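Here is the structure we will look at.
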Amino acid sequence: MNKLTVLSLALATCCYSGLSAQETNHFVVKANKLGAEIQPTMYGHFFEDINYGADGGLYAELVKNRSFEFPNRLQGWKTFGKVSVQEDGPFDKNPHYVRLSSPGHAHKRTGLENEGFFGIGLKANEKYRFSVWAKGNAQKILVELIDPYSMGETQVLASGKIEINSSEWKKYELVLTSPVTLEEGHLRIFLASEGNVDLEHVSLFPVDTWKGRENGLRKDLVQALADTKPGVFRFPGGCIVEGTEIEDRYQWKNSVGPVENRPLNSNRWEYTFQHRYYPDYHQTYGMGFYELFLLSEDMGAEPLPIVNVGLACQYQNNDPKAHVPVDQLDSYIQDALDLIEFANGDESTQWGKLRAEMGHPAPFNLKFIGVGNEQWGPEYPERLKYFVDAIRKAYPDMKIIGSSGPNSEGKDFDYLWPEMKKLKVDLVDEHFYRPEDWFLKSGNRYDNYDRKGPKVFAGEYACHGKGKKWNHFHASLLEAAFLTGVERNADVVYMATYAPLLAHVKGWQWRPDLIWFDNLRSVRSCSWHVQNLYGHNKGTQVVPLLMDGKVVSGQADQNGLFASAVWDEPTKTYIVKVVNVSDKAQPVSIEFDGLKKKKLAGQATCITLHSDDPDAENTLDNPDMIVPQESQVAVDGETMQTEVGAQTFAVYRIAVQ
């Protein structure tokens, strides 16, 4: 379907069909009864290093195994000539490095070649910063960007020499410009003189990273995150917070300080799924907590770090001995307290000083911290209690987030919610990866939640189509329908983040995902467009909404219509969201009752997301197959007559003059 056809459908969707009044669905917006405040954190992102989301993805480093610390020390590298691995390097947490030695014959070569992450993506006329820590005695190395599969006269795309002019470890840099665009380039390094040279932390970054930062992030992926106007950014996971074994857990202190000395960590997504196995998937911590806090700040989102509660992944560990005994939690609790100090402490504190030394003297103003991920059973609250007590004592204003476990309902869920209330956590993290029928039945999920208890953080969710676990339009439409219920219950739900966030098309373990990418391109899924429409049309307060004289129930029995209404104070605009999950167009009237002295503008902006094919999805080759379309709808006094097309998400913005 071309863009002209999509636009025509959008115009038809937004225009009144002239059907009889008896067939029209009547919505009434109680304009003078502003309800619950919608939290700035309502819609945001959840990040986990799954699907090559960090190394090989958001983190812009192009070299795999740059410090030779993978369990297979030369994984990702090809070597030729005389190359040996040494282990007495300058960085105590990354002690390994390579030594290049003369090959012993004038016509032989010594060197190594890196394959990157599914290749090294290069763009024509873009600059790439090569850096390396090295020592030698006036030796030279030749650095090349190459096309290893070239059918032309040469494999070499760009090259330059570096003289290693010190016998002490020293950092060297070289900027190369690629003359071509290539998805699967390689980096090759030759020893270009006699003698030995030692190389450590071999790195290659595009110069054009997000905000031009060295050790930076991939620009297009950050832009896709920032464009949704996220209010909260949760990191670093997910299951990697737990670790397959407790030693594998994400340890934030290893992810800060000089990047050259951040140790490698195992990533459970290397081996979790045998049918999608990636033996070279590890965590370098190059994009660590400092970079993630900085990213939160860049996006205008509240940072939400999650720390380990002393439990390894319970899916993979039934033995109680795999977890930290309750009487040995002190260092884990201290890690949580030190993290808050790292984020908020002044330069006179140990961890605040480190943050300042890394380049951010001002505090990050952390307000939220989560403890534990998808834990369950009594072992979770009995450990969580000690964290809550310590954090409350040291930081009484900090908002603490607990968990209701891995399921959206059932035995573990029913057990944990009362426990979270007893512990008086501020929010409870709910997770639901569920099929279409669950989302259709759950539009009223939060209607009857306890208004006095902890608030809800819908921390991980996605609609999984039956036999269709990809980002097809229909699943995204049902996510939009479900979110109307989240929005109507903004007095209960304070945060909601879709998951997973990022996926490399050649390296995924889990789907669906919000944003897909290869080494050069990225695509925003239909679910991304749903998140974007909610993020840009969040509003500041809920407005009561009736349908045919009844409170909107969030159930498909209302002619397949789901809806919510909000008021946006900065723009003086009412925003009504209507999702039609049925297979027929629905005529709709939207009346604004109780405007008093307010007068509506004569036209409303209508934004629709629709696809004739429910299984269609945006792809790297066709990224704009399904995108929102905008048009105008007439407003007659206090009423707007329109039609919501079949299988359509519509957002109406009606300004007050």
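Numbering starts fresh at 1 for the residues of each chain in the structure tokens, the chains themselves are lettered A, B, ... in the order given, and ligands are numbered from 1 as they appear.
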Please give the complete set of residues from stretch 398-630 of chain A that DSSP, run on the backbone, assigns to strand (DSSP E), formatted as an MDAnalysis selection string.
chainID A and resid 399:403 427:434 455:463 493:498 502:504 515:517 522:524 541:542 545:547 550:551 561:568 573:580 586:593 603:610 629:630
Mind dumping a table of every stretch 210-326 of chain A residue within 12 Å of stretch 418-435 of chain A, with the nearest atom pair and its distance in Å to one decimal, using only C-alpha atoms, sorted by chain and rising number, as a tab-separated table?
```
residue	atom	partner	partner_atom	distance
A:Arg234	CA	A:Asp429	CA	11.2
A:Gly238	CA	A:His431	CA	10.6
A:Leu304	CA	A:Asp429	CA	11.8
A:Ile306	CA	A:Asp429	CA	11.0
```
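Nearest to A:Ala490 of all the residues A:Arg188, A:Lys455, A:Lys506, A:Lys321 is A:Lys455, counting only C-alpha atoms.
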Could the residues of stretch 10-99 of chain A that have an atom at most 9 Å from stretch 457-475 of chain A be listed as CSV, each with its closest atom pair and the distance in Å to one decimal, counting only C-alpha atoms and ordered by chain and ascending residue number?
```
residue,atom,partner,partner_atom,distance
A:Met42,CA,A:Phe457,CA,8.7
A:His45,CA,A:Gly459,CA,8.8
A:Phe46,CA,A:Gly459,CA,7.2
```
Could you please take those selected residues and save N, CA and C atoms as a PDB file, in the first residue's frame?
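Result written to again-v2.pdb:
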```pdb
ATOM      1  N   MET A  42       4.460   8.520  33.074  1.00  0.00           N
ATOM      2  CA  MET A  42       3.466   7.523  32.646  1.00  0.00           C
ATOM      3  C   MET A  42       3.974   6.608  31.537  1.00  0.00           C
ATOM      4  N   HIS A  45      10.499   3.954  28.584  1.00  0.00           N
ATOM      5  CA  HIS A  45      11.206   2.835  27.969  1.00  0.00           C
ATOM      6  C   HIS A  45      11.853   1.945  29.028  1.00  0.00           C
ATOM      7  N   PHE A  46      11.909   0.665  28.702  1.00  0.00           N
ATOM      8  CA  PHE A  46      12.610  -0.322  29.517  1.00  0.00           C
ATOM      9  C   PHE A  46      13.760  -0.883  28.684  1.00  0.00           C
TER      10      PHE A  46
END
```
What lies within 8 Å of A:Gly594 using only C-alpha atoms, ignoring chain neighbours under 6 positions off, as a list of chain:residue names?
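Neighbouring residues, sequence-local ones excluded: A:Lys30, A:Ala31, A:Asn32.
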Contacts of stretch 271-288 of chain A at 8 Å or less, counting only C-alpha atoms, minus same-chain residues fewer than 6 places along, as a CSV table (one decimal) with C-alpha atoms, in the first residue's frame?
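This went into around_27.csv:
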```
chain,number,residue,atom,x,y,z
A,49,ASP,CA,20.9,-6.0,27.0
A,52,TYR,CA,22.3,-7.3,21.1
A,54,ALA,CA,23.9,-2.8,24.1
A,55,ASP,CA,27.1,-4.1,22.6
A,59,TYR,CA,26.4,1.2,22.4
A,70,PHE,CA,36.0,-13.1,26.2
A,75,GLN,CA,36.8,-14.7,19.8
A,76,GLY,CA,35.8,-12.2,17.1
A,215,ASN,CA,32.5,6.2,24.1
A,252,TRP,CA,26.7,-1.4,38.6
A,254,ASN,CA,31.8,-2.6,37.5
A,255,SER,CA,30.1,-0.4,34.9
A,256,VAL,CA,31.5,3.0,36.0
A,259,VAL,CA,35.9,2.4,30.3
A,262,ARG,CA,35.3,-2.1,33.3
A,263,PRO,CA,35.4,-5.9,33.5
A,264,LEU,CA,33.5,-8.3,31.1
A,265,ASN,CA,30.4,-9.9,32.5
A,507,GLY,CA,21.0,-11.5,16.7
A,508,TRP,CA,17.7,-11.6,18.4
A,509,GLN,CA,16.6,-14.1,21.1
```
Provide the atom CA of A:Ile120 to atom CA of A:Leu292 distance in Å, to one decimal place.
23.6 Å
With a distance cut-off of 7 Å and only C-alpha atoms, select the neighbouring residues of A:Gln647, excluding the residue or stretch itself and same-chain residues fewer than 4 positions from it, and output the selection as a PDB file with C-alpha atoms, in the first residue's frame.
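In the end it all went to selection.pdb:
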```pdb
ATOM      1  CA  ASN A 580     -11.694   0.342  17.232  1.00  0.00           C
ATOM      2  CA  VAL A 581     -10.667  -3.314  17.370  1.00  0.00           C
ATOM      3  CA  SER A 582     -13.705  -4.492  15.401  1.00  0.00           C
ATOM      4  CA  ASP A 583     -13.718  -5.332  11.710  1.00  0.00           C
ATOM      5  CA  HIS A 610      -4.370   1.793  10.571  1.00  0.00           C
TER       6      HIS A 610
END
```
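For the choices A:Asp491, A:Asp88, A:Asp518, A:Asp612, the atom-to-atom distance to A:Leu122 is smallest for A:Asp518 when using only C-alpha atoms.
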Go through A:Asn444, A:Thr648, A:Gln223, A:Gln641 one by one, measure the shortest atom-to-atom distance of each to A:Ser522 using only C-alpha atoms, and give the residue with the smallest value.
A:Gln223
Could you pull out the helix (DSSP H, G or I) residues of stretch 338-459 of chain A from DSSP and send them as JSON, numbers by chain?
{"A": [338, 339, 340, 341, 342, 343, 344, 350, 351, 352, 353, 354, 355, 356, 357, 379, 380, 381, 382, 383, 384, 385, 386, 387, 388, 389, 390, 391, 392, 393, 394, 411, 412, 413, 414, 415, 416, 417, 418, 419, 420, 421, 422, 423, 436, 437, 438, 439, 440, 441]}
For the selection just defined, write its residues with N, CA and C atoms to a file, as a short mmCIF file (atom, residue, chain, number, x, y, z; two decimals), in the first residue's frame.
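Contents of selection_26.cif, freshly written:
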```
data_model
loop_
_atom_site.label_atom_id
_atom_site.label_comp_id
_atom_site.auth_asym_id
_atom_site.auth_seq_id
_atom_site.Cartn_x
_atom_site.Cartn_y
_atom_site.Cartn_z
N ASP A 338 24.94 2.95 47.74
CA ASP A 338 26.03 3.62 47.02
C ASP A 338 25.57 4.09 45.64
N LEU A 339 24.65 3.34 45.03
CA LEU A 339 24.13 3.77 43.73
C LEU A 339 23.38 5.09 43.86
N ILE A 340 22.59 5.23 44.90
CA ILE A 340 21.89 6.50 45.11
C ILE A 340 22.89 7.63 45.34
N GLU A 341 23.97 7.32 46.06
CA GLU A 341 25.02 8.33 46.27
C GLU A 341 25.70 8.68 44.96
N PHE A 342 25.94 7.68 44.12
CA PHE A 342 26.55 7.95 42.81
C PHE A 342 25.67 8.89 41.99
N ALA A 343 24.37 8.68 42.05
CA ALA A 343 23.45 9.49 41.26
C ALA A 343 23.25 10.88 41.86
N ASN A 344 23.17 10.95 43.18
CA ASN A 344 22.72 12.20 43.81
C ASN A 344 23.72 12.86 44.73
N GLN A 350 32.13 9.72 48.26
CA GLN A 350 32.98 8.81 47.46
C GLN A 350 32.40 8.61 46.05
N TRP A 351 31.12 8.29 45.98
CA TRP A 351 30.55 7.95 44.69
C TRP A 351 30.11 9.19 43.92
N GLY A 352 29.71 10.22 44.61
CA GLY A 352 29.43 11.49 43.93
C GLY A 352 30.68 12.07 43.29
N LYS A 353 31.81 11.87 43.96
CA LYS A 353 33.08 12.34 43.41
C LYS A 353 33.41 11.61 42.11
N LEU A 354 33.17 10.29 42.10
CA LEU A 354 33.44 9.53 40.88
C LEU A 354 32.57 10.03 39.72
N ARG A 355 31.29 10.27 40.00
CA ARG A 355 30.40 10.79 38.95
C ARG A 355 30.94 12.10 38.40
N ALA A 356 31.40 12.97 39.29
CA ALA A 356 31.94 14.26 38.86
C ALA A 356 33.19 14.05 38.02
N GLU A 357 34.05 13.13 38.44
CA GLU A 357 35.28 12.87 37.69
C GLU A 357 34.98 12.31 36.31
N GLU A 379 10.86 -15.90 49.67
CA GLU A 379 12.27 -15.49 49.68
C GLU A 379 12.46 -14.07 49.16
N TYR A 380 11.53 -13.60 48.33
CA TYR A 380 11.67 -12.23 47.81
C TYR A 380 11.31 -11.18 48.86
N PRO A 381 10.11 -11.17 49.41
CA PRO A 381 9.81 -10.11 50.39
C PRO A 381 10.68 -10.17 51.64
N GLU A 382 11.12 -11.36 52.04
CA GLU A 382 11.96 -11.42 53.24
C GLU A 382 13.31 -10.74 53.01
N ARG A 383 13.78 -10.73 51.78
CA ARG A 383 15.01 -10.00 51.46
C ARG A 383 14.73 -8.52 51.18
N LEU A 384 13.65 -8.29 50.46
CA LEU A 384 13.31 -6.92 50.10
C LEU A 384 13.13 -6.04 51.33
N LYS A 385 12.61 -6.60 52.41
CA LYS A 385 12.37 -5.82 53.63
C LYS A 385 13.63 -5.11 54.10
N TYR A 386 14.77 -5.77 54.05
CA TYR A 386 16.00 -5.17 54.53
C TYR A 386 16.45 -4.01 53.64
N PHE A 387 16.22 -4.14 52.34
CA PHE A 387 16.52 -3.03 51.43
C PHE A 387 15.61 -1.84 51.70
N VAL A 388 14.32 -2.11 51.87
CA VAL A 388 13.36 -1.03 52.11
C VAL A 388 13.73 -0.29 53.38
N ASP A 389 14.01 -1.03 54.44
CA ASP A 389 14.36 -0.38 55.72
C ASP A 389 15.60 0.49 55.58
N ALA A 390 16.63 -0.02 54.91
CA ALA A 390 17.89 0.74 54.79
C ALA A 390 17.74 1.97 53.91
N ILE A 391 17.03 1.82 52.79
CA ILE A 391 16.86 2.95 51.88
C ILE A 391 15.97 4.01 52.51
N ARG A 392 14.90 3.59 53.20
CA ARG A 392 14.02 4.55 53.87
C ARG A 392 14.79 5.36 54.92
N LYS A 393 15.68 4.68 55.63
CA LYS A 393 16.44 5.35 56.69
C LYS A 393 17.42 6.36 56.11
N ALA A 394 18.12 5.97 55.03
CA ALA A 394 19.15 6.85 54.47
C ALA A 394 18.56 7.88 53.51
N LYS A 411 -1.10 -17.47 41.30
CA LYS A 411 -0.68 -17.72 42.68
C LYS A 411 0.42 -16.75 43.14
N ASP A 412 1.48 -16.63 42.37
CA ASP A 412 2.59 -15.78 42.79
C ASP A 412 2.17 -14.32 42.83
N PHE A 413 1.42 -13.90 41.83
CA PHE A 413 0.92 -12.53 41.78
C PHE A 413 0.05 -12.23 42.99
N ASP A 414 -0.88 -13.13 43.30
CA ASP A 414 -1.79 -12.93 44.42
C ASP A 414 -1.07 -12.93 45.76
N TYR A 415 0.02 -13.64 45.84
CA TYR A 415 0.80 -13.65 47.07
C TYR A 415 1.60 -12.36 47.24
N LEU A 416 2.21 -11.90 46.16
CA LEU A 416 3.16 -10.79 46.28
C LEU A 416 2.50 -9.44 46.48
N TRP A 417 1.35 -9.20 45.89
CA TRP A 417 0.74 -7.87 46.05
C TRP A 417 0.50 -7.53 47.52
N PRO A 418 -0.12 -8.41 48.31
CA PRO A 418 -0.27 -8.09 49.74
C PRO A 418 1.06 -7.91 50.46
N GLU A 419 2.07 -8.68 50.05
CA GLU A 419 3.39 -8.52 50.67
C GLU A 419 3.98 -7.15 50.36
N MET A 420 3.78 -6.68 49.11
CA MET A 420 4.28 -5.35 48.76
C MET A 420 3.57 -4.27 49.57
N LYS A 421 2.30 -4.47 49.83
CA LYS A 421 1.55 -3.50 50.65
C LYS A 421 2.09 -3.48 52.08
N LYS A 422 2.38 -4.67 52.62
CA LYS A 422 2.93 -4.75 53.97
C LYS A 422 4.26 -4.00 54.07
N LEU A 423 5.07 -4.14 53.03
CA LEU A 423 6.39 -3.50 53.04
C LEU A 423 6.30 -2.02 52.68
N GLU A 436 -3.43 -12.05 22.39
CA GLU A 436 -4.44 -11.06 22.03
C GLU A 436 -5.65 -11.09 22.95
N ASP A 437 -6.14 -12.29 23.27
CA ASP A 437 -7.37 -12.34 24.06
C ASP A 437 -7.18 -11.74 25.44
N TRP A 438 -5.97 -11.86 26.00
CA TRP A 438 -5.71 -11.24 27.30
C TRP A 438 -5.82 -9.73 27.20
N PHE A 439 -5.21 -9.15 26.18
CA PHE A 439 -5.26 -7.71 26.03
C PHE A 439 -6.68 -7.22 25.78
N LEU A 440 -7.45 -7.98 25.02
CA LEU A 440 -8.85 -7.61 24.77
C LEU A 440 -9.69 -7.63 26.04
N LYS A 441 -9.37 -8.54 26.95
CA LYS A 441 -10.14 -8.67 28.18
C LYS A 441 -9.63 -7.77 29.31
#
```
Could you tell me how far atom CA of A:Lys596 lies from atom CA of A:Lys33, in Å and to one decimal?
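Atom-to-atom, atom CA of A:Lys596 and atom CA of A:Lys33 are spaced 11.4 Å apart.
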At what distance in Å, to one decimal, does atom CA of A:Tyr290 lie from atom CA of A:Trp77?
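Going from atom CA of A:Trp77 over to atom CA of A:Tyr290 covers 28.7 Å.
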Find the spatial neighbours of A:Asn125, counting only C-alpha atoms, within a cut-off of 7 Å - ignore same-chain residues fewer than 5 positions away - and output them as a ChimeraX atom specification.
/A:177-180
